[in-house]
Amino acid sequence: MLSLSLCVTANTLHLRSLFPPNNNGNLFLIPSTHRPHFLKPISAIINPSSSNPPAPPQLYQPFRPPPTPLPSKFGTLDIPARFEILANRLGLWFEYAPLISSLIREGFSPPNIEEATGITGVEQNRLIVAAQVRDSLVQSKADPDLISFFDTGGAELLYEIRLLSASQRAAAARFIVENKFDGKGAQELARAMKDFPGRRGDVGWESFDYTLPGDCLSFMYFRQAREHRNPSEQRTSALEQALRVAETERAKNTVLEELQGKSDGEEGKVDDVVQGARVPVVRLKIGEVAEASTVVVLPVCKAEESVLEAPLECRSEGEFGVVVAEKAWERWVVLPGWEPLVGLGKGGVVVSFVDARVLPWKANRWYKEEPILVVADRSKREVGADDGFYLVKVDEGEGLKVERGLALKQSGVNESLGTVILVVRPPREEDDDQLSDEDWD
């Protein structure tokens with residue numbers, strides 16, 4: 001009888017006979033009486049042992065900062081030495097900052113580095129980014145004296161200008177040094193420079209120079225001033241800030257004209273100020289409610305509903321400030337504690353309109369198909385000021401609208417559903433300028 005065995009070599013199974021080969025040097029088989037058999041090679045791949053299953057693919061890839069060349073004096077250090085330098089802050093911040101990137105590339109996570117060195121994850125990111133900003137200043141041939149200013153404690157300042165271009169960074173860094181800005185000031189400057197090109201078309205934009213950091217910051221304050229009531233302390237303060245940081249004469253003159261216009265408007269126009277009742281129109285910013293130190297909770301009605309049904313009072317009770325209303329209501333809104341809302345007592349209500357065109361502003365400029373919230377004070381129902389805006393019922397079954405006091409008086413209407421004190425526009429990624437007094441029809 002012929003006996004066969006399977007002999008496993010490297011990665012292939014070979015069939016061999018225990019008997020010597022025939023004269024031709026080939027394997028032979030004794031044929032069966034039923035049908036012939038043909039010799040076929042057998043090949044197989046060796047599977048890994050079941051005791052060591054293959055590792056699943058790593059779906060999460062941790063952040064790996066771009067490689068930053070290590071200073072020559074740190075180039076030959078081993079990992080324990082790098083941790084020691086970071087833990088003891090040996091050297092200048094921009095010298096040991098690249099060590100953080102090198103440790104992350106070695107597989108250490110930010111929590112690992114924080115545990116060993118005491119440098120938090122936020123600070124690690126700030127040091128890495130600030131070092132890269134400093135390197136860009138060096139590569140752009142910025143003044144060495146300017147760069148040296150940030151050698152001690154400058155990481156926070158350089159981190160704030162990270163979103164600017166290389167040329168903007170150099171100009172911003174110089175302006176920060178000359179004006180002795182802190183981290184918050186550097187942040188406002190960077191935002192103003194980044195935001196300035198997108199404000200083309202705004203009032204006064206052409207009077208400020210885009211290439212100068214001071215003019216960009218001045219325009220930001222100038223624009224913010226126009227969002228406040230005229231006159232008001234906030235408006236005056238913002239204009240004074242704009243004048244203080246402006247660099248070009250044209251920008252300074254524009255700000256001065258706004259300041260002088262405010263002063264001239266106060267003289268001989270007291271009656272107009274008393275009678276006027278301009279309504280602030282603000283756009284809610286993303287995350288503004290979460291960051292607000294105080295908030296206001298108000299009931300919301302749809303434009304086709306009656307505001308008389310909404311609760312008149314909503315208050316907070318107990319140590320936890322639990323909100324309690326005088327009666328049940330389905331729809332509520334939480335708004336930041338803006339100045340017009342803080343003093344709102346009983347009778348505050350919000351009406352939601354699906355289309356901003358219901359408001360009496362000039363459609364040729366502010367033609368906005370967007371939802372809005374109109375905040376009204378139901379405790380002030382008398383139609384007084386001609387320039388005031390009031391919430392009224394249109395006709396039976398047609399809902400509510402906002403109307404000017406003069407138009408109501410001409411129609412013989414002396415009482416409204418409430419005086420409009422604020423209009424809120426929905427948040428969006430790119431904030432735009434607010435309505436000025438001239439934009440109301």
# chains A, B, ... in the order shown; residues from 1 in each chain; ligands from 1
>>> residues_around(residues="A:Trp332", least_positions_apart="2", cutoff="10 Å", atoms="only C-alpha atoms", output="MDAnalysis selection string")
chainID A and resid 297:301 329:330 334:335 349:350
>>> write_last_selection(atoms="N, CA and C atoms", output="mmCIF file, in the first residue's frame")
data_model
loop_
_atom_site.group_PDB
_atom_site.id
_atom_site.type_symbol
_atom_site.label_atom_id
_atom_site.label_comp_id
_atom_site.auth_asym_id
_atom_site.auth_seq_id
_atom_site.Cartn_x
_atom_site.Cartn_y
_atom_site.Cartn_z
ATOM 1 N N VAL A 297 -36.291 85.308 30.729
ATOM 2 C CA VAL A 297 -37.187 84.291 30.186
ATOM 3 C C VAL A 297 -38.535 84.944 29.906
ATOM 4 N N LEU A 298 -39.013 84.842 28.656
ATOM 5 C CA LEU A 298 -40.253 85.496 28.261
ATOM 6 C C LEU A 298 -41.152 84.527 27.499
ATOM 7 N N PRO A 299 -42.473 84.661 27.659
ATOM 8 C CA PRO A 299 -43.397 83.830 26.875
ATOM 9 C C PRO A 299 -43.418 84.272 25.412
ATOM 10 N N VAL A 300 -43.647 83.318 24.524
ATOM 11 C CA VAL A 300 -43.634 83.589 23.091
ATOM 12 C C VAL A 300 -45.003 83.291 22.497
ATOM 13 N N CYS A 301 -45.485 84.217 21.671
ATOM 14 C CA CYS A 301 -46.728 84.031 20.920
ATOM 15 C C CYS A 301 -46.415 84.040 19.431
ATOM 16 N N TRP A 329 -47.838 77.722 29.947
ATOM 17 C CA TRP A 329 -47.674 78.257 28.590
ATOM 18 C C TRP A 329 -46.726 77.353 27.824
ATOM 19 N N GLU A 330 -46.986 77.189 26.537
ATOM 20 C CA GLU A 330 -46.226 76.201 25.765
ATOM 21 C C GLU A 330 -44.878 76.695 25.278
ATOM 22 N N VAL A 334 -35.353 82.216 25.899
ATOM 23 C CA VAL A 334 -34.355 82.752 26.834
ATOM 24 C C VAL A 334 -33.451 83.706 26.063
ATOM 25 N N LEU A 335 -33.367 84.942 26.509
ATOM 26 C CA LEU A 335 -32.556 85.963 25.860
ATOM 27 C C LEU A 335 -31.533 86.517 26.847
ATOM 28 N N VAL A 349 -43.653 90.300 26.666
ATOM 29 C CA VAL A 349 -44.061 89.207 25.790
ATOM 30 C C VAL A 349 -43.247 89.280 24.502
ATOM 31 N N VAL A 350 -43.062 88.124 23.866
ATOM 32 C CA VAL A 350 -42.327 88.030 22.606
ATOM 33 C C VAL A 350 -43.272 87.498 21.538
#
>>> residues_around(residues="stretch 415-418 of chain A", least_positions_apart="4", cutoff="12 Å", atoms="only C-alpha atoms", output="MDAnalysis selection string")
chainID A and resid 306:309 346:351 374:385 388:394 399:405 408:409 411 422
>>> residues_around(residues="A:Trp205", least_positions_apart="3", cutoff="10 Å", atoms="only C-alpha atoms", output="ChimeraX atom specification")
/A:196-197,199-202,208-210,215-216,219-220,222-223,251,254
>>> select_by_dssp(residues="stretch 165-400 of chain A", states="helix (DSSP H, G or I)", output="number ranges by chain")
A: 166-179, 183-199, 205-207, 213-225, 233-245, 249-266, 270-275, 288-291, 307-309, 339-342, 356-358
>>> select_by_dssp(residues="stretch 106-305 of chain A", states="strand (DSSP E or B)", output="CSV table (one decimal) with N, CA, C and O atoms, in the first residue's frame")
chain,number,residue,atom,x,y,z
A,281,VAL,N,-32.5,97.1,17.2
A,281,VAL,CA,-32.6,95.8,16.4
A,281,VAL,C,-31.2,95.1,16.5
A,281,VAL,O,-30.2,95.6,16.0
A,282,VAL,N,-31.2,94.0,17.1
A,282,VAL,CA,-30.0,93.3,17.4
A,282,VAL,C,-30.0,91.9,16.8
A,282,VAL,O,-31.1,91.3,16.7
A,283,ARG,N,-28.9,91.4,16.4
A,283,ARG,CA,-28.8,90.0,15.9
A,283,ARG,C,-28.2,89.2,17.0
A,283,ARG,O,-27.1,89.4,17.5
A,295,VAL,N,-29.9,86.4,32.3
A,295,VAL,CA,-30.8,86.1,31.2
A,295,VAL,C,-32.2,86.5,31.5
A,295,VAL,O,-32.5,86.7,32.7
A,296,VAL,N,-33.0,86.6,30.5
A,296,VAL,CA,-34.4,86.9,30.7
A,296,VAL,C,-35.3,85.8,30.0
A,296,VAL,O,-35.0,85.5,28.9
A,297,VAL,N,-36.3,85.3,30.7
A,297,VAL,CA,-37.2,84.3,30.2
A,297,VAL,C,-38.5,84.9,29.9
A,297,VAL,O,-39.1,85.5,30.8
A,298,LEU,N,-39.0,84.8,28.7
A,298,LEU,CA,-40.3,85.5,28.3
A,298,LEU,C,-41.2,84.5,27.5
A,298,LEU,O,-40.7,83.7,26.8
A,299,PRO,N,-42.5,84.7,27.7
A,299,PRO,CA,-43.4,83.8,26.9
A,299,PRO,C,-43.4,84.3,25.4
A,299,PRO,O,-43.2,85.4,25.1
A,300,VAL,N,-43.6,83.3,24.5
A,300,VAL,CA,-43.6,83.6,23.1
A,300,VAL,C,-45.0,83.3,22.5
A,300,VAL,O,-45.6,82.2,22.8
A,301,CYS,N,-45.5,84.2,21.7
A,301,CYS,CA,-46.7,84.0,20.9
A,301,CYS,C,-46.4,84.0,19.4
A,301,CYS,O,-45.5,84.7,19.0
A,302,LYS,N,-47.2,83.3,18.7
A,302,LYS,CA,-47.1,83.4,17.2
A,302,LYS,C,-47.8,84.6,16.8
A,302,LYS,O,-48.7,85.2,17.5
>>> closest_residue(among="A:Leu137, A:Asp182, A:Ala81, A:Ala166", to="A:Gly153", atoms="only C-alpha atoms")
A:Asp182
>>> residues_around(residues="A:Val255", least_positions_apart="5", cutoff="8 Å", atoms="only C-alpha atoms", output="ChimeraX atom specification")
/A:222,239,242-243
>>> atom_distance(atom1="atom CA of A:Val354", atom2="atom CA of A:Val289")
21.4 Å
>>> closest_atom_pairs(of="stretch 140-197 of chain A", to="stretch 127-136 of chain A", cutoff="10 Å", atoms="only C-alpha atoms", output="tab-separated table")
residue	atom	partner	partner_atom	distance
A:Ser140	CA	A:Ser136	CA	6.1
A:Lys141	CA	A:Ser136	CA	8.8
A:Ala142	CA	A:Ser136	CA	9.0
A:Ile147	CA	A:Arg134	CA	7.3
A:Ser148	CA	A:Arg134	CA	9.8
A:Phe150	CA	A:Arg134	CA	8.4
A:Asp151	CA	A:Arg134	CA	9.4
A:Gly154	CA	A:Ala130	CA	8.2
A:Ala155	CA	A:Ala130	CA	5.2
A:Glu156	CA	A:Ala130	CA	7.3
A:Leu157	CA	A:Ala130	CA	8.0
A:Leu158	CA	A:Ala130	CA	5.2
A:Tyr159	CA	A:Ala130	CA	4.6
A:Glu160	CA	A:Ala130	CA	8.3
A:Ile161	CA	A:Val133	CA	7.9
A:Arg162	CA	A:Val133	CA	6.2
A:Leu163	CA	A:Val133	CA	9.5
A:Leu164	CA	A:Val133	CA	9.6
A:Ser165	CA	A:Ser136	CA	9.4
A:Ala166	CA	A:Ser136	CA	6.5
A:Ser167	CA	A:Ser136	CA	9.4
A:Arg169	CA	A:Val133	CA	8.0
A:Ala170	CA	A:Ser136	CA	9.0
A:Ala173	CA	A:Arg134	CA	10.0
>>> atom_distance(atom1="atom CA of A:Leu373", atom2="atom CA of A:Gly287")
17.3 Å
>>> closest_residue(among="A:Val342, A:Ala97, A:Val333, A:Val423", to="A:Arg126", atoms="only C-alpha atoms")
A:Ala97
>>> atom_distance(atom1="atom CA of A:Phe353", atom2="atom CA of A:Ala303")
5.7 Å
